[in-house]
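S.K.: Supplied structure: upload_36.csv, CSV, C-alpha atoms.
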```csv
chain,number,residue,atom,x,y,z
A,1,MET,CA,-43.0,25.6,46.7
A,2,ALA,CA,-40.2,23.2,45.8
A,3,THR,CA,-38.4,20.2,47.3
A,4,VAL,CA,-34.7,20.6,48.0
A,5,HIS,CA,-32.5,17.5,47.4
A,6,VAL,CA,-29.2,16.9,49.0
A,7,ASP,CA,-27.1,13.8,48.2
A,8,LEU,CA,-24.8,12.3,50.8
A,9,ASP,CA,-22.1,10.2,49.1
A,10,PRO,CA,-19.8,7.7,50.8
A,11,GLU,CA,-16.8,9.5,49.4
A,12,ALA,CA,-17.8,12.7,51.3
A,13,ALA,CA,-18.3,11.1,54.6
A,14,VAL,CA,-16.3,12.0,57.7
A,15,ILE,CA,-15.7,9.6,60.6
A,16,LEU,CA,-14.8,9.6,64.3
A,17,GLY,CA,-11.8,7.7,65.6
A,18,SER,CA,-13.7,4.5,66.3
A,19,THR,CA,-16.9,2.6,65.5
A,20,TYR,CA,-17.1,3.8,61.9
A,21,PRO,CA,-18.0,2.0,58.7
A,22,GLN,CA,-15.2,1.1,56.4
A,23,TYR,CA,-15.2,2.7,52.9
A,24,ASP,CA,-15.0,0.0,50.3
A,25,ARG,CA,-16.0,-0.9,46.8
A,26,PHE,CA,-17.1,-3.9,44.8
A,27,LEU,CA,-15.4,-4.3,41.4
A,28,GLY,CA,-18.6,-4.7,39.5
A,29,THR,CA,-18.8,-6.2,36.0
A,30,ASN,CA,-19.2,-2.8,34.4
A,31,PHE,CA,-18.6,-0.2,37.1
A,32,PRO,CA,-17.3,0.0,40.7
A,33,VAL,CA,-19.8,0.0,43.5
A,34,SER,CA,-18.6,2.1,46.4
A,35,GLY,CA,-20.1,2.3,49.8
A,36,LEU,CA,-19.7,2.4,53.5
A,37,ARG,CA,-19.7,-1.0,55.2
A,38,TYR,CA,-21.7,-0.9,58.4
A,39,ASP,CA,-20.9,-3.8,60.7
A,40,ALA,CA,-23.5,-6.4,61.8
A,41,SER,CA,-22.6,-6.4,65.5
A,42,THR,CA,-21.6,-2.9,66.5
A,43,ASP,CA,-23.1,0.5,66.2
A,44,GLU,CA,-21.2,2.4,63.5
A,45,ALA,CA,-21.7,5.9,62.2
A,46,ALA,CA,-20.7,8.2,59.4
A,47,PHE,CA,-21.1,12.0,59.3
A,48,TRP,CA,-21.7,14.7,56.6
A,49,LYS,CA,-21.7,18.5,56.8
A,50,ILE,CA,-24.2,20.3,54.6
A,51,ASP,CA,-25.7,23.7,54.0
A,52,ALA,CA,-29.4,23.8,54.8
A,53,ALA,CA,-29.8,25.9,51.7
A,54,ALA,CA,-33.3,27.3,51.2
A,55,TYR,CA,-34.7,25.3,54.1
A,56,GLY,CA,-38.3,26.5,54.6
A,57,SER,CA,-40.1,24.4,57.2
A,58,GLY,CA,-41.2,20.9,58.0
A,59,ASN,CA,-39.6,17.5,58.5
A,60,ILE,CA,-36.5,16.4,56.7
A,61,THR,CA,-36.7,13.0,55.0
A,62,MET,CA,-33.5,10.9,54.9
A,63,VAL,CA,-33.5,8.0,52.5
A,64,VAL,CA,-30.7,5.5,53.1
A,65,ILE,CA,-29.8,3.6,49.9
A,66,TRP,CA,-28.2,0.4,50.9
A,67,GLN,CA,-27.4,-3.2,49.9
A,68,ALA,CA,-26.3,-6.3,51.8
A,69,ASP,CA,-22.9,-7.8,51.5
A,70,ASN,CA,-24.5,-11.1,50.6
A,71,ALA,CA,-27.3,-11.7,53.0
A,72,THR,CA,-30.8,-12.3,51.6
A,73,SER,CA,-32.9,-11.9,54.7
A,74,GLY,CA,-33.0,-10.1,57.9
A,75,VAL,CA,-33.6,-6.5,59.1
A,76,VAL,CA,-31.2,-3.6,59.3
A,77,ARG,CA,-31.9,-0.8,61.8
A,78,TRP,CA,-30.8,2.5,60.4
A,79,GLU,CA,-30.8,5.7,62.4
A,80,GLY,CA,-30.6,9.4,61.3
A,81,ALA,CA,-29.9,12.5,63.3
A,82,ILE,CA,-29.0,16.1,62.6
A,83,ALA,CA,-27.4,19.0,64.5
A,84,ALA,CA,-27.8,22.6,63.2
A,85,ILE,CA,-25.9,25.7,64.0
A,86,THR,CA,-26.8,29.2,62.8
A,87,PRO,CA,-23.5,31.1,62.1
A,88,ASP,CA,-23.2,34.4,64.0
A,89,THR,CA,-26.3,33.6,66.0
A,90,ASP,CA,-25.6,30.4,67.9
A,91,SER,CA,-22.9,30.8,70.5
A,92,GLN,CA,-22.5,27.0,71.0
A,93,ASP,CA,-19.0,25.6,70.9
A,94,VAL,CA,-19.2,23.5,67.7
A,95,THR,CA,-16.9,20.8,69.0
A,96,THR,CA,-19.3,20.0,71.8
A,97,LYS,CA,-22.5,20.4,69.9
A,98,ALA,CA,-25.0,17.5,70.4
A,99,PHE,CA,-27.3,15.9,67.9
A,100,ALA,CA,-31.0,16.2,68.2
A,101,THR,CA,-32.8,13.0,69.2
A,102,ALA,CA,-32.2,10.3,66.5
A,103,THR,CA,-34.9,8.5,64.5
A,104,THR,CA,-34.7,4.9,63.5
A,105,PHE,CA,-36.1,2.8,60.7
A,106,ASP,CA,-36.1,-1.0,60.4
A,107,ASP,CA,-35.7,-2.0,56.8
A,108,THR,CA,-36.2,-5.6,55.9
A,109,HIS,CA,-34.1,-7.2,53.2
A,110,LEU,CA,-36.4,-8.0,50.2
A,111,GLY,CA,-34.8,-11.4,49.5
A,112,THR,CA,-33.5,-13.4,46.6
A,113,THR,CA,-30.6,-11.2,45.6
A,114,GLY,CA,-28.1,-10.2,48.3
A,115,LYS,CA,-26.8,-7.1,46.6
A,116,ARG,CA,-30.1,-5.8,45.5
A,117,VAL,CA,-30.5,-2.1,46.3
A,118,HIS,CA,-32.9,-1.1,49.1
A,119,GLN,CA,-34.1,2.2,50.4
A,120,ALA,CA,-34.9,3.0,54.0
A,121,PRO,CA,-36.9,6.2,54.5
A,122,ILE,CA,-36.3,8.0,57.8
A,123,THR,CA,-38.5,11.0,58.7
A,124,ILE,CA,-36.4,13.3,60.8
A,125,SER,CA,-38.8,15.4,63.0
A,126,ASN,CA,-36.2,16.4,65.6
A,127,LEU,CA,-34.9,19.3,63.6
A,128,ASP,CA,-32.7,21.1,66.2
A,129,SER,CA,-34.3,24.4,65.1
A,130,VAL,CA,-32.7,24.2,61.7
A,131,ALA,CA,-33.1,27.4,59.6
A,132,ALA,CA,-32.2,28.3,56.1
A,133,ASP,CA,-28.4,28.4,55.4
A,134,ASP,CA,-27.5,26.7,58.7
A,135,VAL,CA,-24.5,24.5,58.9
A,136,VAL,CA,-26.0,21.1,59.5
A,137,TRP,CA,-24.2,17.9,60.6
A,138,VAL,CA,-25.9,14.7,59.6
A,139,ARG,CA,-25.3,11.3,61.2
A,140,VAL,CA,-26.2,8.0,59.6
A,141,ARG,CA,-25.8,5.0,61.9
A,142,ARG,CA,-26.6,1.4,61.8
A,143,ILE,CA,-27.6,0.0,65.2
A,144,GLY,CA,-26.1,-3.4,64.7
A,145,SER,CA,-26.2,-4.2,68.4
A,146,ASN,CA,-30.0,-3.9,68.6
A,147,ALA,CA,-32.0,-7.1,68.8
A,148,ALA,CA,-34.2,-5.8,66.0
A,149,ASP,CA,-31.3,-5.7,63.6
A,150,THR,CA,-31.1,-9.3,62.4
A,151,MET,CA,-29.2,-9.1,59.1
A,152,ALA,CA,-26.0,-11.2,59.6
A,153,ASN,CA,-23.5,-9.2,57.6
A,154,ASP,CA,-22.4,-5.8,56.5
A,155,ALA,CA,-24.9,-3.4,55.2
A,156,TRP,CA,-23.4,-1.1,52.5
A,157,LEU,CA,-24.6,2.5,52.4
A,158,LEU,CA,-24.4,3.4,48.8
A,159,GLN,CA,-25.8,6.9,49.2
A,160,ALA,CA,-28.1,8.8,51.6
A,161,ARG,CA,-30.5,11.4,50.3
A,162,LEU,CA,-32.1,14.3,52.2
A,163,THR,CA,-35.1,16.2,51.0
A,164,TYR,CA,-37.0,19.1,52.5
A,165,SER,CA,-39.3,21.9,51.6
A,166,ASP,CA,-38.2,25.4,50.7
A,167,THR,CA,-41.4,27.0,52.0
B,22,MET,CA,-16.3,-25.2,80.4
B,23,THR,CA,-18.3,-23.6,77.6
B,24,LEU,CA,-17.7,-20.0,76.4
B,25,ASN,CA,-19.4,-17.3,78.4
B,26,ALA,CA,-22.0,-15.0,76.7
B,27,THR,CA,-19.4,-12.4,75.9
B,28,ASP,CA,-17.1,-14.9,74.2
B,29,ARG,CA,-20.0,-16.4,72.2
B,30,PHE,CA,-21.1,-12.9,71.1
B,31,ARG,CA,-17.6,-12.0,70.0
B,32,THR,CA,-17.2,-15.3,68.2
B,33,LEU,CA,-20.4,-14.5,66.3
B,34,ALA,CA,-19.4,-10.9,65.6
B,35,GLN,CA,-16.0,-11.8,64.1
B,36,PHE,CA,-17.6,-14.7,62.2
B,37,MET,CA,-20.1,-12.4,60.6
B,38,ARG,CA,-17.3,-9.9,59.7
B,39,SER,CA,-15.0,-12.6,58.2
B,40,LEU,CA,-17.7,-14.7,56.5
B,41,ASP,CA,-17.5,-14.5,52.7
B,42,LEU,CA,-19.9,-17.4,52.1
B,43,GLN,CA,-23.6,-16.9,51.0
B,44,LEU,CA,-25.9,-16.7,54.0
B,45,ILE,CA,-28.7,-18.2,52.1
B,46,GLY,CA,-31.5,-16.7,54.1
B,47,LEU,CA,-29.8,-17.1,57.5
B,48,THR,CA,-30.1,-14.2,60.0
B,49,LYS,CA,-28.3,-13.2,63.2
B,50,PRO,CA,-30.6,-15.2,65.5
B,51,ASP,CA,-29.9,-18.3,63.4
B,52,LEU,CA,-26.2,-17.8,63.8
B,53,VAL,CA,-26.5,-17.1,67.5
B,54,ALA,CA,-28.1,-20.5,67.9
B,55,ALA,CA,-25.5,-22.2,65.7
B,56,VAL,CA,-22.6,-20.7,67.7
B,57,ALA,CA,-24.2,-21.9,71.0
B,58,ALA,CA,-24.8,-25.4,69.6
B,59,THR,CA,-21.3,-25.7,68.3
B,60,ASP,CA,-19.8,-24.6,71.6
B,61,ASP,CA,-22.1,-27.0,73.5
B,62,TRP,CA,-21.2,-29.8,71.1
B,63,ILE,CA,-17.5,-29.2,71.7
B,64,GLU,CA,-18.1,-29.3,75.5
B,65,SER,CA,-20.0,-32.5,75.2
B,66,ASN,CA,-17.6,-34.3,72.9
B,67,GLN,CA,-14.2,-33.2,74.2
B,68,THR,CA,-13.7,-36.4,76.1
B,69,SER,CA,-14.5,-38.5,73.0
B,70,PHE,CA,-12.1,-36.4,70.9
B,71,ASN,CA,-9.3,-36.8,73.5
B,72,THR,CA,-9.8,-40.5,73.6
B,73,ALA,CA,-9.5,-40.7,69.8
B,74,LEU,CA,-6.1,-39.1,69.9
B,75,PRO,CA,-3.1,-41.5,69.8
B,76,GLN,CA,-0.4,-41.7,72.3
B,77,PRO,CA,2.1,-40.2,73.0
B,78,PHE,CA,0.2,-37.1,71.7
B,79,ARG,CA,-2.8,-37.6,74.0
B,80,GLY,CA,-0.8,-37.8,77.2
B,81,THR,CA,1.7,-35.1,76.3
B,82,ALA,CA,-0.1,-32.3,74.5
B,83,SER,CA,-1.9,-29.6,76.5
B,84,LEU,CA,-5.6,-28.8,76.1
B,85,GLN,CA,-4.7,-25.7,74.1
B,86,PHE,CA,-2.4,-27.7,71.8
B,87,LYS,CA,-5.2,-30.3,71.2
B,88,THR,CA,-7.8,-27.6,70.6
B,89,LEU,CA,-5.6,-25.8,68.1
B,90,LEU,CA,-5.0,-29.1,66.3
B,91,PHE,CA,-8.7,-29.6,66.0
B,92,CYS,CA,-9.1,-26.0,64.7
B,93,TYR,CA,-6.3,-26.5,62.1
B,94,VAL,CA,-7.8,-29.7,60.7
B,95,ALA,CA,-11.3,-28.1,60.6
B,96,MET,CA,-10.0,-25.0,58.9
B,97,ARG,CA,-8.3,-27.0,56.3
B,98,ARG,CA,-11.5,-29.0,55.7
B,99,ALA,CA,-13.3,-25.7,55.3
B,100,GLY,CA,-10.8,-24.5,52.8
B,101,ARG,CA,-9.5,-21.7,55.0
B,102,LEU,CA,-6.0,-23.0,56.0
B,103,HIS,CA,-3.4,-22.0,53.5
B,104,ALA,CA,-0.1,-23.8,53.9
B,105,ASP,CA,3.2,-22.5,52.6
B,106,GLU,CA,3.3,-25.7,50.5
B,107,ASP,CA,0.2,-24.6,48.6
B,108,GLY,CA,2.2,-21.9,46.9
```
Step by step, read the file and then write its structure as structure tokens.
M.R.:
Amino acid sequence: MATVHVDLDPEAAVILGSTYPQYDRFLGTNFPVSGLRYDASTDEAAFWKIDAAAYGSGNITMVVIWQADNATSGVVRWEGAIAAITPDTDSQDVTTKAFATATTFDDTHLGTTGKRVHQAPITISNLDSVAADDVVWVRVRRIGSNAADTMANDAWLLQARLTYSDT
Amino acid sequence: MTLNATDRFRTLAQFMRSLDLQLIGLTKPDLVAAVAATDDWIESNQTSFNTALPQPFRGTASLQFKTLLFCYVAMRRAGRLHADEDG
């Protein structure tokens, strides 16, 4: 039994025509810090397409690695969802495929330093009958319009990480 | 007349997008209250502002003209109005 790790980088994200996070970077002292800037007021989403290689069973854990633009308090509501298609088996039109029910996680800024790095763990239990080697679309969204989301500026997604069991 | 709820929300949304100052612990509910208070203050003090304006400006300029003047002066005070003369 092993745990499979899949990294979702901002550079590999795909977006729709509206309500998407802007790709941006900070020119750090020693290296650039790239990310997706999720707005504080609207619901913005980015998408990735992965191979569910060696998926065995059980929930998928999504960890959103993020930082604030400069806020030092407040809550960010992150949401994760997947949609899985088994090639040759599923007859679903891929362009109209729906995501399984999304899961949210409210992560509170830990304070003091705006650009400190946080992690928000989301347990995805709505798995859309995912099977090994499926094509899986992953959506990461910030629900900035929700009253529970109180952080007053952009949340930068630095990376998202998926993990699941191969048995 | 004060801004309606939609206008206040959109003011807040754009303010949060444009803001490059440290929030120093402030959250969205704090800013919502500040936007409302600012709008209410403008409503309550517009007569006083108008009275302070000299003639012939006071009698000639439109409400929009006077409001924009207020904004330009305030933006310059906040370091956000760049004039051509600044280079």
S.K.: What lies within 12 Å of Thr27 in chain B using only C-alpha atoms, ignoring chain neighbours under 6 positions off, as a VMD selection string?
M.R.: chain B and resid 33 to 34 53 57
S.K.: Output C-alpha atoms of each residue in that selection to a file, as a CSV table (one decimal), in the coordinates of the input.
M.R.:
```csv
chain,number,residue,atom,x,y,z
B,33,LEU,CA,-20.4,-14.5,66.3
B,34,ALA,CA,-19.4,-10.9,65.6
B,53,VAL,CA,-26.5,-17.1,67.5
B,57,ALA,CA,-24.2,-21.9,71.0
```
S.K.: Skipping near chain neighbours, those fewer than 4 positions away, what residues fall within 7 Å of Asp69 in chain A using all atoms listed in the file, listed as a VMD selection string?
M.R.: chain A and resid 114 to 115 153 to 156
S.K.: At a cut-off of 9 Å, list the chain B residues touching chain A, using all atoms listed in the file, as a count of residues only.
M.R.: 20
S.K.: What is the CA of Gln76 in chain B-CA of Tyr93 in chain B distance in Å, reported with one decimal?
M.R.: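 If I compute the distance from CA of Gln76 in chain B to CA of Tyr93 in chain B, I get 19.2 Å.
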S.K.: Taking the point (-28.6, 11.3, 50.0) as given in the file, collect each protein or nucleic acid residue that comes within 10 Å of it, counting all atoms listed in the file, and present the set as a PyMOL selection string.
M.R.: chain A and resi 5-10+61-65+157-163
S.K.: Return the single residue from A:Leu110, A:Ala45, A:Ile50, A:Val76 that is closest to Ile15 in chain A, with distances computed using only C-alpha atoms.
M.R.: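 Ranked by minimum distance to Ile15 in chain A, first place goes to A:Ala45.
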S.K.: In Å, rounded to a single decimal, give me how far CA of Thr23 in chain B is from CA of Ile63 in chain B.
M.R.: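 Separating CA of Ile63 in chain B from CA of Thr23 in chain B is a distance of 8.2 Å.
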